[in-house]
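J.: My structure file model25.cif, mmCIF, C-alpha atoms, is below:
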data_run
loop_
_atom_site.label_atom_id
_atom_site.label_comp_id
_atom_site.auth_asym_id
_atom_site.auth_seq_id
_atom_site.Cartn_x
_atom_site.Cartn_y
_atom_site.Cartn_z
CA MET A 625 -7.24 76.63 89.68
CA THR A 626 -5.86 79.45 87.59
CA LYS A 627 -7.67 81.24 84.82
CA ILE A 628 -6.01 81.02 81.41
CA VAL A 629 -7.53 82.77 78.41
CA TYR A 630 -6.96 81.14 75.02
CA ILE A 631 -7.89 83.25 72.01
CA GLU A 632 -8.27 81.38 68.75
CA HIS A 633 -6.96 82.94 65.55
CA SER A 634 -10.57 83.72 64.59
CA GLY A 635 -10.87 85.81 67.76
CA LYS A 636 -13.01 83.30 69.66
CA SER A 637 -12.00 83.37 73.29
CA HIS A 638 -11.98 80.52 75.82
CA SER A 639 -11.55 81.30 79.49
CA ILE A 640 -10.48 78.08 81.20
CA ASN A 641 -9.67 77.20 84.79
CA VAL A 642 -6.51 75.14 84.67
CA GLN A 643 -5.08 73.20 87.57
CA ASN A 644 -1.77 74.56 88.85
CA GLY A 645 1.16 72.40 87.82
CA LEU A 646 -0.25 71.56 84.41
CA THR A 647 1.17 73.34 81.39
CA VAL A 648 -0.71 75.89 79.32
CA MET A 649 -0.57 73.29 76.52
CA GLU A 650 -2.16 70.59 78.69
CA GLY A 651 -4.88 73.03 79.75
CA ALA A 652 -5.76 73.50 76.08
CA ILE A 653 -5.64 69.81 75.13
CA GLN A 654 -7.70 68.66 78.12
CA ASN A 655 -10.35 71.23 77.32
CA ASN A 656 -10.38 70.60 73.57
CA ILE A 657 -9.30 74.09 72.60
CA PRO A 658 -8.76 73.97 68.84
CA GLY A 659 -5.50 75.37 67.51
CA ILE A 660 -2.96 73.59 69.70
CA ASP A 661 -1.72 70.29 68.28
CA ALA A 662 1.09 69.30 70.69
CA ASP A 663 2.20 66.45 68.44
CA CYS A 664 5.19 65.45 70.57
CA GLY A 665 3.19 65.45 73.81
CA GLY A 666 5.20 68.14 75.57
CA SER A 667 8.79 66.98 75.12
CA MET A 668 9.77 70.26 73.41
CA ALA A 669 10.43 68.44 70.18
CA CYS A 670 7.88 69.73 67.68
CA ALA A 671 6.74 73.38 68.00
CA THR A 672 3.07 72.54 67.41
CA CYS A 673 1.86 74.03 70.72
CA HIS A 674 3.09 77.47 69.70
CA VAL A 675 1.23 80.48 71.15
CA TYR A 676 1.63 84.25 71.09
CA VAL A 677 1.65 85.54 74.65
CA LYS A 678 -0.28 88.79 75.10
CA GLU A 679 2.32 91.58 75.25
CA GLU A 680 1.68 92.69 78.85
CA TRP A 681 2.17 89.12 80.03
CA PHE A 682 5.30 88.25 78.11
CA ASP A 683 7.85 89.60 80.58
CA LYS A 684 6.02 88.11 83.56
CA LEU A 685 6.67 84.58 82.36
CA PRO A 686 9.69 82.50 83.35
CA LYS A 687 12.42 82.91 80.74
CA LYS A 688 12.84 80.43 77.91
CA GLU A 689 15.30 77.59 78.22
CA ASP A 690 17.84 77.23 75.40
CA GLY A 691 16.00 74.54 73.54
CA GLU A 692 12.75 76.45 73.37
CA GLU A 693 14.12 79.28 71.23
CA ASP A 694 15.70 76.73 68.88
CA MET A 695 12.40 74.94 68.60
CA LEU A 696 10.54 78.19 67.92
CA ASP A 697 12.65 78.58 64.76
CA MET A 698 10.48 75.79 63.45
CA ALA A 699 7.14 77.19 64.53
CA PHE A 700 4.63 78.56 62.07
CA GLU A 701 5.03 82.36 61.84
CA PRO A 702 6.78 82.96 65.16
CA ASN A 703 7.12 86.52 66.48
CA LYS A 704 8.80 88.12 69.48
CA PHE A 705 5.93 87.12 71.78
CA SER A 706 6.06 83.47 70.74
CA ARG A 707 6.33 80.71 73.33
CA LEU A 708 5.82 76.97 73.36
CA SER A 709 2.82 76.44 75.63
CA CYS A 710 4.20 73.08 76.82
CA GLN A 711 6.93 75.02 78.60
CA LEU A 712 4.57 77.33 80.50
CA ILE A 713 3.66 75.80 83.83
CA VAL A 714 0.48 77.14 85.37
CA THR A 715 0.91 78.85 88.77
CA ASP A 716 -1.07 81.43 90.74
CA GLU A 717 1.14 84.15 89.24
CA LEU A 718 -0.27 83.37 85.80
CA ASP A 719 -3.89 84.01 86.79
CA GLY A 720 -5.53 85.77 83.86
CA LEU A 721 -2.77 84.92 81.36
CA ILE A 722 -3.86 85.57 77.78
CA VAL A 723 -2.39 83.57 74.91
CA GLN A 724 -3.32 83.93 71.26
CA LEU A 725 -3.20 80.95 68.95
CA PRO A 726 -1.58 81.11 65.51
CA SER A 727 -3.65 80.56 62.35
CA LYS A 728 -2.21 77.06 62.23
CA GLN A 729 0.54 75.00 63.83
CA THR A 730 2.14 73.38 60.77
CA MET B 1412 4.55 42.97 43.61
CA ILE B 1413 6.14 42.03 46.93
CA LYS B 1414 4.29 39.35 48.87
CA THR B 1415 4.81 39.36 52.59
CA ASP B 1416 3.01 38.08 55.69
CA ALA B 1417 2.87 41.55 57.21
CA LEU B 1418 3.78 45.06 56.18
CA ILE B 1419 4.85 47.47 58.89
CA ILE B 1420 4.41 51.18 58.29
CA GLY B 1421 6.88 53.09 60.41
CA ALA B 1422 10.43 52.24 61.45
CA GLY B 1423 10.33 53.83 64.89
CA PRO B 1424 10.89 51.80 68.07
CA THR B 1425 7.41 50.26 67.96
CA GLY B 1426 7.71 49.27 64.30
CA LEU B 1427 11.15 47.75 64.91
CA PHE B 1428 10.09 45.67 67.89
CA THR B 1429 6.93 44.57 66.08
CA ALA B 1430 9.14 43.33 63.23
CA HIS B 1431 11.15 41.39 65.80
CA GLN B 1432 8.00 39.80 67.21
CA LEU B 1433 6.75 38.81 63.75
CA LYS B 1434 10.05 37.18 62.79
CA LEU B 1435 10.23 35.41 66.13
CA ILE B 1436 6.92 33.65 65.50
CA GLY B 1437 7.94 32.76 61.97
CA LEU B 1438 6.26 35.43 59.87
CA ASP B 1439 7.87 37.50 57.13
CA CYS B 1440 7.65 41.24 57.19
CA GLU B 1441 8.89 44.33 55.42
CA VAL B 1442 9.02 47.88 56.73
CA VAL B 1443 8.24 51.17 55.00
CA ASP B 1444 9.20 54.57 56.40
CA ASN B 1445 9.00 58.05 54.94
CA LEU B 1446 12.25 59.12 56.64
CA ASP B 1447 15.60 58.32 55.07
CA LYS B 1448 16.76 56.49 58.17
CA ILE B 1449 15.55 53.99 60.74
CA GLY B 1450 14.39 55.20 64.16
CA GLY B 1451 11.34 57.42 63.71
CA GLN B 1452 10.81 60.19 66.26
CA CYS B 1453 13.65 58.83 68.41
CA ILE B 1454 16.12 59.64 65.66
CA GLU B 1455 14.43 62.61 64.08
CA LEU B 1456 13.27 64.53 67.14
CA TYR B 1457 15.43 63.54 70.09
CA PRO B 1458 18.49 61.45 69.14
CA ASP B 1459 20.51 62.98 72.01
CA LYS B 1460 17.79 63.26 74.63
CA PRO B 1461 17.97 60.68 77.39
CA ILE B 1462 14.95 58.42 77.93
CA TYR B 1463 14.46 57.08 81.46
CA ASP B 1464 11.43 54.82 81.21
CA ILE B 1465 12.40 51.88 79.03
CA PRO B 1466 12.08 48.77 81.25
CA ALA B 1467 15.47 47.47 82.39
CA ILE B 1468 17.33 50.32 80.70
CA PRO B 1469 17.87 53.04 83.33
CA GLU B 1470 18.94 55.62 80.77
CA CYS B 1471 19.50 55.73 77.03
CA THR B 1472 19.21 58.29 74.24
CA GLY B 1473 16.86 58.02 71.28
CA GLU B 1474 19.80 57.05 69.11
CA GLU B 1475 21.06 54.38 71.51
CA LEU B 1476 17.60 52.87 71.79
CA THR B 1477 17.30 52.76 68.01
CA ASN B 1478 20.71 51.14 67.64
CA SER B 1479 19.83 48.50 70.22
CA LEU B 1480 16.58 47.69 68.45
CA ILE B 1481 18.39 47.40 65.13
CA LYS B 1482 20.93 45.12 66.78
CA GLN B 1483 18.09 42.98 68.13
CA LEU B 1484 16.82 42.56 64.56
CA LYS B 1485 20.21 41.49 63.26
CA PRO B 1486 19.46 37.72 63.18
CA PHE B 1487 16.65 38.44 60.77
CA ASN B 1488 16.87 39.64 57.25
CA ILE B 1489 14.31 42.40 57.11
CA LYS B 1490 13.87 44.62 54.12
CA PHE B 1491 13.43 48.32 54.88
CA HIS B 1492 11.93 50.64 52.28
CA LEU B 1493 13.16 54.04 53.47
CA SER B 1494 12.22 57.45 52.04
CA GLU B 1495 8.95 55.90 50.91
CA ARG B 1496 5.49 56.77 52.04
CA VAL B 1497 2.53 54.42 51.77
CA ASP B 1498 -0.06 56.24 49.71
CA GLU B 1499 -2.74 53.71 48.78
CA VAL B 1500 -4.27 50.76 50.56
CA LYS B 1501 -6.90 48.68 48.76
CA ASN B 1502 -8.60 45.43 49.61
CA ASN B 1503 -8.43 42.71 46.98
CA ASN B 1504 -10.05 39.39 47.87
CA GLY B 1505 -9.25 39.64 51.54
CA LYS B 1506 -5.63 40.68 50.95
CA TRP B 1507 -4.36 44.23 51.12
CA GLU B 1508 -2.73 45.84 48.13
CA VAL B 1509 -0.42 48.60 49.18
CA LYS B 1510 1.28 51.18 46.99
CA THR B 1511 4.00 53.64 48.01
CA ASN B 1512 4.71 57.06 46.54
CA LYS B 1513 7.65 55.51 44.70
CA GLY B 1514 5.44 52.88 43.11
CA THR B 1515 6.50 49.88 45.23
CA LEU B 1516 3.61 47.40 45.45
CA PHE B 1517 2.91 45.00 48.28
CA ASN B 1518 0.37 42.24 48.65
CA THR B 1519 -0.19 41.23 52.25
CA PRO B 1520 -2.90 39.92 54.57
CA ASN B 1521 -1.66 42.17 57.40
CA ILE B 1522 -0.75 45.83 57.66
CA ILE B 1523 0.59 47.12 60.95
CA ILE B 1524 0.55 50.89 61.21
CA ALA B 1525 3.27 51.99 63.63
CA GLY B 1526 3.25 55.50 62.31
CA GLY B 1527 3.78 57.62 65.43
CA VAL B 1528 2.09 60.92 64.76
CA GLY B 1529 2.09 60.37 61.02
CA SER B 1530 4.75 60.89 58.42
CA PHE B 1531 7.44 63.52 58.64
CA GLU B 1532 7.15 66.23 56.03
CA PRO B 1533 9.24 69.38 55.63
CA ARG B 1534 7.78 72.42 57.35
CA LYS B 1535 6.88 74.90 54.64
CA PHE B 1536 6.85 78.67 54.13
CA ALA B 1537 3.84 80.53 55.48
CA PRO B 1538 2.81 82.73 52.49
CA LYS B 1539 0.15 80.92 50.43
CA GLU B 1540 1.60 81.82 47.03
CA CYS B 1541 4.71 79.76 47.84
CA GLU B 1542 2.91 76.54 47.00
CA ARG B 1543 2.83 77.09 43.25
CA PHE B 1544 6.59 77.63 43.08
CA GLU B 1545 7.38 74.42 44.96
CA GLU B 1546 9.87 72.15 43.22
CA LYS B 1547 10.43 74.94 40.62
CA SER B 1548 11.86 77.90 42.53
CA ILE B 1549 11.20 76.79 46.10
CA PHE B 1550 12.79 73.73 47.65
CA TYR B 1551 12.75 72.15 51.09
CA SER B 1552 15.48 69.66 50.30
CA ILE B 1553 18.16 69.58 47.64
CA LYS B 1554 18.52 66.75 45.19
CA ASP B 1555 20.65 68.42 42.53
CA LYS B 1556 22.80 71.33 43.63
CA THR B 1557 24.03 72.08 40.10
CA ILE B 1558 20.80 73.93 39.23
CA PHE B 1559 21.89 76.73 41.59
CA LYS B 1560 25.18 77.42 39.80
CA ASP B 1561 25.65 81.15 39.07
CA LYS B 1562 22.16 81.90 40.40
CA THR B 1563 20.96 83.81 43.43
CA VAL B 1564 19.71 81.56 46.21
CA SER B 1565 17.94 82.80 49.34
CA ILE B 1566 18.19 80.33 52.20
CA PHE B 1567 15.89 80.50 55.23
CA GLY B 1568 16.57 78.83 58.56
CA GLY B 1569 19.00 78.78 61.46
CA GLY B 1570 19.98 75.15 61.90
CA ASP B 1571 22.63 72.92 60.42
CA SER B 1572 20.85 72.34 57.11
CA ALA B 1573 20.49 76.05 56.40
CA LEU B 1574 24.08 76.80 57.44
CA ASP B 1575 25.63 73.84 55.62
CA TRP B 1576 23.90 74.70 52.37
CA ALA B 1577 24.68 78.42 52.71
CA VAL B 1578 28.37 77.55 53.05
CA GLU B 1579 28.30 74.96 50.28
CA LEU B 1580 26.29 76.96 47.73
CA SER B 1581 28.32 80.15 48.33
CA LYS B 1582 31.09 78.53 46.26
CA ASN B 1583 29.15 78.84 43.02
CA SER B 1584 26.08 80.93 43.77
CA LYS B 1585 25.14 84.27 45.24
CA VAL B 1586 23.73 83.37 48.66
CA ASN B 1587 21.36 85.27 50.94
CA LEU B 1588 20.93 83.68 54.37
CA ILE B 1589 17.82 84.80 56.23
CA HIS B 1590 17.00 83.86 59.81
CA ARG B 1591 14.39 85.07 62.32
CA ARG B 1592 16.89 85.86 65.08
CA ASP B 1593 20.59 86.58 65.65
CA GLU B 1594 21.55 83.24 67.13
CA PHE B 1595 22.04 80.13 65.05
CA ARG B 1596 21.50 76.69 66.46
CA GLY B 1597 23.85 74.94 64.03
CA ALA B 1598 27.31 73.63 64.85
CA GLN B 1599 29.58 76.44 66.05
CA SER B 1600 32.24 75.59 63.48
CA THR B 1601 29.73 76.07 60.65
CA VAL B 1602 28.47 79.31 62.20
CA ASN B 1603 32.08 80.56 62.28
CA LYS B 1604 32.62 79.56 58.68
CA MET B 1605 29.42 81.31 57.64
CA ASN B 1606 30.56 84.48 59.44
CA GLU B 1607 33.89 84.36 57.61
CA LEU B 1608 32.10 84.00 54.29
CA LYS B 1609 29.89 86.91 55.25
CA LYS B 1610 32.94 89.07 55.95
CA ALA B 1611 34.43 88.02 52.61
CA GLY B 1612 31.21 89.12 50.91
CA LYS B 1613 30.28 85.61 49.84
CA ILE B 1614 27.12 85.40 51.94
CA ASN B 1615 24.63 88.20 52.59
CA LEU B 1616 23.21 87.70 56.05
CA TYR B 1617 19.78 89.01 57.10
CA THR B 1618 18.84 88.27 60.69
CA LYS B 1619 15.55 89.07 62.45
CA TYR B 1620 13.90 88.79 59.06
CA GLN B 1621 11.17 86.43 57.84
CA LEU B 1622 9.65 85.81 54.44
CA LYS B 1623 6.73 88.15 53.75
CA ASN B 1624 5.85 87.35 50.15
CA VAL B 1625 7.25 86.10 46.86
CA LYS B 1626 6.93 87.73 43.46
CA GLY B 1627 7.16 86.22 40.02
CA SER B 1628 5.05 84.61 37.31
CA GLU B 1629 6.49 81.30 36.12
CA ASN B 1630 9.53 81.40 38.37
CA ILE B 1631 10.33 83.54 41.37
CA GLU B 1632 11.85 86.92 40.55
CA SER B 1633 12.11 88.52 43.97
CA ILE B 1634 11.00 88.20 47.57
CA ASP B 1635 10.04 90.62 50.30
CA ILE B 1636 11.47 89.92 53.72
CA GLU B 1637 10.26 91.68 56.83
CA HIS B 1638 12.36 92.70 59.82
CA ASP B 1639 11.09 92.40 63.40
CA ASN B 1640 10.64 96.19 63.31
CA LYS B 1641 8.31 95.77 60.26
CA GLU B 1642 10.80 97.23 57.80
CA VAL B 1643 10.50 95.42 54.43
CA THR B 1644 13.42 94.63 52.14
CA ASN B 1645 13.14 93.34 48.59
CA LEU B 1646 15.70 90.79 47.41
CA LYS B 1647 16.17 89.66 43.82
CA THR B 1648 16.44 85.92 43.85
CA ASP B 1649 16.14 82.91 41.54
CA PHE B 1650 15.54 80.25 44.17
CA ILE B 1651 14.47 80.06 47.76
CA LEU B 1652 15.26 77.22 50.12
CA GLY B 1653 13.50 76.63 53.43
CA PHE B 1654 15.04 74.57 56.22
CA PHE B 1655 12.62 74.72 59.11
CA GLY B 1656 12.81 71.11 60.17
CA LEU B 1657 10.13 68.48 59.81
CA ILE B 1658 6.56 68.31 60.94
CA MET B 1659 4.37 65.28 61.41
CA GLN B 1660 1.27 64.83 59.34
CA LEU B 1661 -1.18 61.96 59.33
CA GLY B 1662 -1.10 62.15 55.54
CA PRO B 1663 -2.69 59.46 53.36
CA ILE B 1664 -3.57 57.25 56.38
CA ALA B 1665 -6.63 59.49 56.76
CA ASN B 1666 -8.04 58.08 53.51
CA TRP B 1667 -7.94 54.37 54.27
CA GLY B 1668 -11.38 54.10 55.81
CA LEU B 1669 -10.12 53.73 59.37
CA ASN B 1670 -11.94 54.94 62.48
CA LEU B 1671 -9.96 58.03 63.43
CA ASN B 1672 -9.94 59.98 66.64
CA LYS B 1673 -8.22 63.31 65.98
CA LYS B 1674 -4.79 62.19 64.76
CA THR B 1675 -5.02 58.66 66.17
CA ILE B 1676 -6.63 55.39 65.04
CA ASN B 1677 -9.13 53.52 67.18
CA VAL B 1678 -8.19 49.88 67.89
CA ASP B 1679 -9.30 47.03 70.11
CA THR B 1680 -6.99 45.93 72.91
CA GLU B 1681 -6.87 42.23 72.04
CA LYS B 1682 -5.30 42.42 68.59
CA PHE B 1683 -4.82 46.16 68.22
CA GLU B 1684 -6.88 45.80 65.10
CA THR B 1685 -8.64 48.77 63.50
CA ASN B 1686 -12.15 48.67 62.09
CA GLN B 1687 -10.60 47.07 58.98
CA LYS B 1688 -9.79 43.38 59.26
CA GLY B 1689 -6.06 42.82 58.90
CA ILE B 1690 -5.09 46.43 59.55
CA TYR B 1691 -3.63 47.05 62.99
CA ALA B 1692 -2.32 50.20 64.65
CA VAL B 1693 0.31 50.20 67.39
CA GLY B 1694 2.39 52.77 69.25
CA ASP B 1695 1.62 56.46 69.50
CA ILE B 1696 -0.79 56.38 66.57
CA CYS B 1697 -3.30 54.00 68.16
CA ASN B 1698 -6.04 54.94 70.55
CA TYR B 1699 -8.06 52.94 73.10
CA PRO B 1700 -9.35 53.60 76.61
CA GLY B 1701 -6.34 54.07 78.87
CA LYS B 1702 -3.81 54.47 76.05
CA LEU B 1703 -0.42 55.73 77.19
CA LYS B 1704 1.95 57.23 74.65
CA LEU B 1705 4.98 55.41 76.00
CA ILE B 1706 7.51 53.40 74.04
CA LEU B 1707 6.89 50.46 76.34
CA SER B 1708 3.18 50.49 75.47
CA GLY B 1709 4.12 50.36 71.79
CA PHE B 1710 6.21 47.24 72.43
CA HIS B 1711 3.29 45.49 74.10
CA GLU B 1712 0.86 46.51 71.38
CA GLY B 1713 3.25 45.32 68.67
CA ALA B 1714 3.72 41.94 70.34
CA LEU B 1715 -0.03 41.32 70.41
CA ALA B 1716 -0.66 42.63 66.90
CA ALA B 1717 2.10 40.31 65.61
CA ARG B 1718 0.29 37.27 67.09
CA ALA B 1719 -2.95 38.44 65.50
CA CYS B 1720 -1.21 38.52 62.10
CA PHE B 1721 -0.43 34.81 62.34
CA LYS B 1722 -4.01 33.71 61.75
CA LEU B 1723 -4.38 35.65 58.51
CA ALA B 1724 -0.88 34.87 57.25
CA LYS B 1725 -1.02 31.12 57.96
CA PRO B 1726 -4.73 30.23 58.09
CA ASN B 1727 -4.03 26.50 58.10
CA GLU B 1728 -1.56 26.50 60.97
CA LYS B 1729 -2.18 27.00 64.63
CA TYR B 1730 -0.11 29.53 66.53
CA ARG B 1731 1.58 28.10 69.57
CA PHE B 1732 2.95 30.35 72.28
CA GLU B 1733 6.62 29.70 73.06
CA PHE B 1734 9.31 31.29 75.23
CA THR B 1735 12.61 32.44 73.74
CA THR B 1736 14.39 30.83 76.68
CA SER B 1737 13.23 27.33 75.84
CA SER B 1738 11.96 27.09 72.26
CA LYS B 1739 14.27 25.34 69.81
CA THR B 1740 12.34 26.72 66.86
CA ILE B 1741 12.78 30.26 68.07
CA LYS B 1742 16.48 29.69 68.77
CA ASN B 1743 16.87 28.44 65.21
CA ARG B 1744 15.19 31.56 63.91
CA LEU B 1745 17.57 33.64 65.99
CA GLY B 1746 20.50 31.66 64.63
CA ILE B 1747 21.47 30.42 68.08
CA LYS B 1748 22.96 26.97 68.28
CA SER B 1749 21.27 25.06 71.05
CA ASP B 1750 22.81 21.99 72.54
#
How does this structure look as structure tokens?

T.:
Amino acid sequence: MTKIVYIEHSGKSHSINVQNGLTVMEGAIQNNIPGIDADCGGSMACATCHVYVKEEWFDKLPKKEDGEEDMLDMAFEPNKFSRLSCQLIVTDELDGLIVQLPSKQT
Amino acid sequence: MIKTDALIIGAGPTGLFTAHQLKLIGLDCEVVDNLDKIGGQCIELYPDKPIYDIPAIPECTGEELTNSLIKQLKPFNIKFHLSERVDEVKNNNGKWEVKTNKGTLFNTPNIIIAGGVGSFEPRKFAPKECERFEEKSIFYSIKDKTIFKDKTVSIFGGGDSALDWAVELSKNSKVNLIHRRDEFRGAQSTVNKMNELKKAGKINLYTKYQLKNVKGSENIESIDIEHDNKEVTNLKTDFILGFFGLIMQLGPIANWGLNLNKKTINVDTEKFETNQKGIYAVGDICNYPGKLKLILSGFHEGALAARACFKLAKPNEKYRFEFTTSSKTIKNRLGIKSD
């Protein structure tokens, strides 16, 4: 189990233990964290699991694959710390990861 | 008013196979889809991505799967109403009256919702004030390009739509192309063309910028765009166009009195019927204990919902289960000569 902190746009924080191997998106969906839609179910086809990774964590994450940056063009208000949470696989290295959720996904 | 035995909402793989099942058992059906083409998510989201879990098909792309399903429907004459969204559903004496956003009316005992994650709508600009300029100064698709002649048009986006329109409109308009990063995901040939036009002064390119706000009273007069480094630039513009792809929204389905669970519709697992008699939900949009969002599950759900339609469409006949391998009636429907 790895601790992932999801911070809603309102500032409400959820500290969740997520099983390694799941994605940050799945951790949110399985624990009913509002603010992540994941319409396409994790096939990197919709940009509705968009999160802003807390700055100090951003460079510690595995780099984006080609398709992810393309998909982020379609996210709601992306910035340079944007990631698709369906592409972030939970491992021990991510213990304490903080992601902020956008005001909406669509 | 179109009378049909069953109306299918959604022309994705589940909707297509459900249509096949209905025709096979001798029921009429018509299909409505908000997209301008058949195929649903398979065509809109991942036409080139390989799928590996369709039974008996080791590998195929979303587009290939769609084409095969269309081919399978070829023996039947099915009417598709594309670029139409079902807006209203009303009960009238046990039949459903259905109205689309284009005014098409259906009267049917059965509605099968095969709507995936809802209808595809263009993804819109973030600033709130954009809404009131929609269809006046702000567009997400172009119906009549002549209105842009000799005007300034600011185009947002980095895919093929944004690039194609930037190139096309630069012939007769002043074009600003604004994108959130340096790379474009459109076809390389179009990117090259756009860069040539930029060098020739025909297109003003702003990368690492996003829309911050729009200014104007009746129509837009100017926009502020913000660079990644927070620097703001004001651009005079008559129109803005946004090409950020499509999003899925449940849309009007939410108002039809169905039992919803987040963005899905609760159904039983015998008929895949909702809490409303004669309205079924199949594929990704339906929900029941154990539901898997797989294409193969949608096929199964559609096959059962189609059988359930029979009773309401032909109340005086009894449905008889038959195999396609042996039934003469089914072979006739398929247009196969049996000897």

J.: Written as a PDB file with C-alpha atoms, in the coordinates of the input, which residues does the PyMOL selection byres ((chain B) within 9 of (chain A)) give for the file shown?

T.:
ATOM      1  CA  GLN B1452      10.810  60.190  66.260  1.00  0.00           C
ATOM      2  CA  LEU B1456      13.270  64.530  67.140  1.00  0.00           C
ATOM      3  CA  TYR B1457      15.430  63.540  70.090  1.00  0.00           C
ATOM      4  CA  VAL B1528       2.090  60.920  64.760  1.00  0.00           C
ATOM      5  CA  ARG B1534       7.780  72.420  57.350  1.00  0.00           C
ATOM      6  CA  LYS B1535       6.880  74.900  54.640  1.00  0.00           C
ATOM      7  CA  PHE B1536       6.850  78.670  54.130  1.00  0.00           C
ATOM      8  CA  ALA B1537       3.840  80.530  55.480  1.00  0.00           C
ATOM      9  CA  GLY B1568      16.570  78.830  58.560  1.00  0.00           C
ATOM     10  CA  GLY B1569      19.000  78.780  61.460  1.00  0.00           C
ATOM     11  CA  GLY B1570      19.980  75.150  61.900  1.00  0.00           C
ATOM     12  CA  HIS B1590      17.000  83.860  59.810  1.00  0.00           C
ATOM     13  CA  ARG B1591      14.390  85.070  62.320  1.00  0.00           C
ATOM     14  CA  ARG B1592      16.890  85.860  65.080  1.00  0.00           C
ATOM     15  CA  GLU B1594      21.550  83.240  67.130  1.00  0.00           C
ATOM     16  CA  PHE B1595      22.040  80.130  65.050  1.00  0.00           C
ATOM     17  CA  ARG B1596      21.500  76.690  66.460  1.00  0.00           C
ATOM     18  CA  GLN B1621      11.170  86.430  57.840  1.00  0.00           C
ATOM     19  CA  ASP B1639      11.090  92.400  63.400  1.00  0.00           C
ATOM     20  CA  PHE B1654      15.040  74.570  56.220  1.00  0.00           C
ATOM     21  CA  PHE B1655      12.620  74.720  59.110  1.00  0.00           C
ATOM     22  CA  GLY B1656      12.810  71.110  60.170  1.00  0.00           C
ATOM     23  CA  LEU B1657      10.130  68.480  59.810  1.00  0.00           C
ATOM     24  CA  ILE B1658       6.560  68.310  60.940  1.00  0.00           C
ATOM     25  CA  MET B1659       4.370  65.280  61.410  1.00  0.00           C
ATOM     26  CA  GLN B1660       1.270  64.830  59.340  1.00  0.00           C
ATOM     27  CA  LYS B1674      -4.790  62.190  64.760  1.00  0.00           C
ATOM     28  CA  LYS B1704       1.950  57.230  74.650  1.00  0.00           C
TER      29      LYS B1704
END

J.: What is the CA of Phe1567 in chain B to CA of Cys673 in chain A distance in Å?

T.: 21.9 Å

J.: Go ahead and compute the interatomic distance for CA of Val1564 in chain B and CA of Lys1647 in chain B, in Å to one decimal.

T.: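 For CA of Val1564 in chain B relative to CA of Lys1647 in chain B, the distance reads 9.2 Å.
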
J.: Step by step, work through what the PyMOL selection byres ((chain B and resi 1651) around 10) selects in the shown file, and finish by giving those residues as a VMD selection string.

T.: chain B and resid 1541 1544 to 1545 1547 to 1551 1563 to 1567 1586 to 1588 1625 1631 1633 to 1634 1648 to 1650 1652 to 1653

J.: Selection in question (the file shown): the PyMOL selection byres ((chain B and resi 1723-1738) around 9). Which residues does it include, as a PyMOL selection string?

T.: chain B and resi 1415-1417+1435-1436+1438+1519-1521+1689+1718-1722+1739-1743

J.: Could you work out an axis-aligned bounding box for all listed atoms of range 1683-1686 of chain B, with 8 Å added on each of the six sides, and give its centre and edge lengths in Å to one decimal, as AutoDock Vina command-line options?

T.:
--center_x -8.5 --center_y 47.3 --center_z 65.2 --size_x 23.3 --size_y 19.0 --size_z 22.1

J.: Just the number, please: distance in Å from CA of Glu1712 in chain B to CA of Tyr1699 in chain B, one decimal.

T.: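 Distance between the two atoms: 11.1 Å.
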
J.: Determine, for each residue of range 656-687 of chain A having at least one atom at most 9 Å from an atom of range 627-638 of chain A, the closest pair of atoms and their separation in Å to one decimal, counting only C-alpha atoms; order by chain and ascending number, as JSON lines.

T.:
{"residue": "A:Ile657", "atom": "CA", "partner": "A:His638", "partner_atom": "CA", "distance": 7.7}
{"residue": "A:Pro658", "atom": "CA", "partner": "A:Glu632", "partner_atom": "CA", "distance": 7.4}
{"residue": "A:Gly659", "atom": "CA", "partner": "A:Glu632", "partner_atom": "CA", "distance": 6.7}

J.: Restricting the calculation to all atoms listed in the file, which member of A:Val642, A:Val677, A:Leu725, A:Ile660 is positioned closest to Ile713 in chain A?

T.: A:Val642

J.: Select, from B:Asp1695, B:Asp1447, B:Ile1706, B:Asp1459, the residue with the minimum atom-to-atom distance to Gly1527 in chain B, counting only C-alpha atoms.

T.: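 Between B:Asp1695, B:Asp1447, B:Ile1706, B:Asp1459, the residue approaching Gly1527 in chain B most closely is B:Asp1695.
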
J.: Please fill the gaps in range 1599-1604 of chain B so it has N, CA and C atoms, and write that as a PDB file, keeping the file's coordinate frame.

T.:
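selection12.pdb, written as the output of this step:
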ATOM      1  N   GLN B1599      28.837  75.183  65.941  1.00  0.00           N
ATOM      2  CA  GLN B1599      29.580  76.440  66.050  1.00  0.00           C
ATOM      3  C   GLN B1599      30.594  76.595  64.921  1.00  0.00           C
ATOM      4  N   SER B1600      31.225  75.498  64.533  1.00  0.00           N
ATOM      5  CA  SER B1600      32.240  75.590  63.480  1.00  0.00           C
ATOM      6  C   SER B1600      31.621  76.078  62.169  1.00  0.00           C
ATOM      7  N   THR B1601      30.400  75.625  61.884  1.00  0.00           N
ATOM      8  CA  THR B1601      29.730  76.070  60.650  1.00  0.00           C
ATOM      9  C   THR B1601      29.296  77.524  60.771  1.00  0.00           C
ATOM     10  N   VAL B1602      28.853  77.910  61.984  1.00  0.00           N
ATOM     11  CA  VAL B1602      28.470  79.310  62.200  1.00  0.00           C
ATOM     12  C   VAL B1602      29.691  80.208  61.957  1.00  0.00           C
ATOM     13  N   ASN B1603      30.854  79.781  62.485  1.00  0.00           N
ATOM     14  CA  ASN B1603      32.080  80.560  62.280  1.00  0.00           C
ATOM     15  C   ASN B1603      32.430  80.687  60.802  1.00  0.00           C
ATOM     16  N   LYS B1604      32.296  79.579  60.114  1.00  0.00           N
ATOM     17  CA  LYS B1604      32.620  79.560  58.680  1.00  0.00           C
ATOM     18  C   LYS B1604      31.680  80.506  57.932  1.00  0.00           C
TER      19      LYS B1604
END
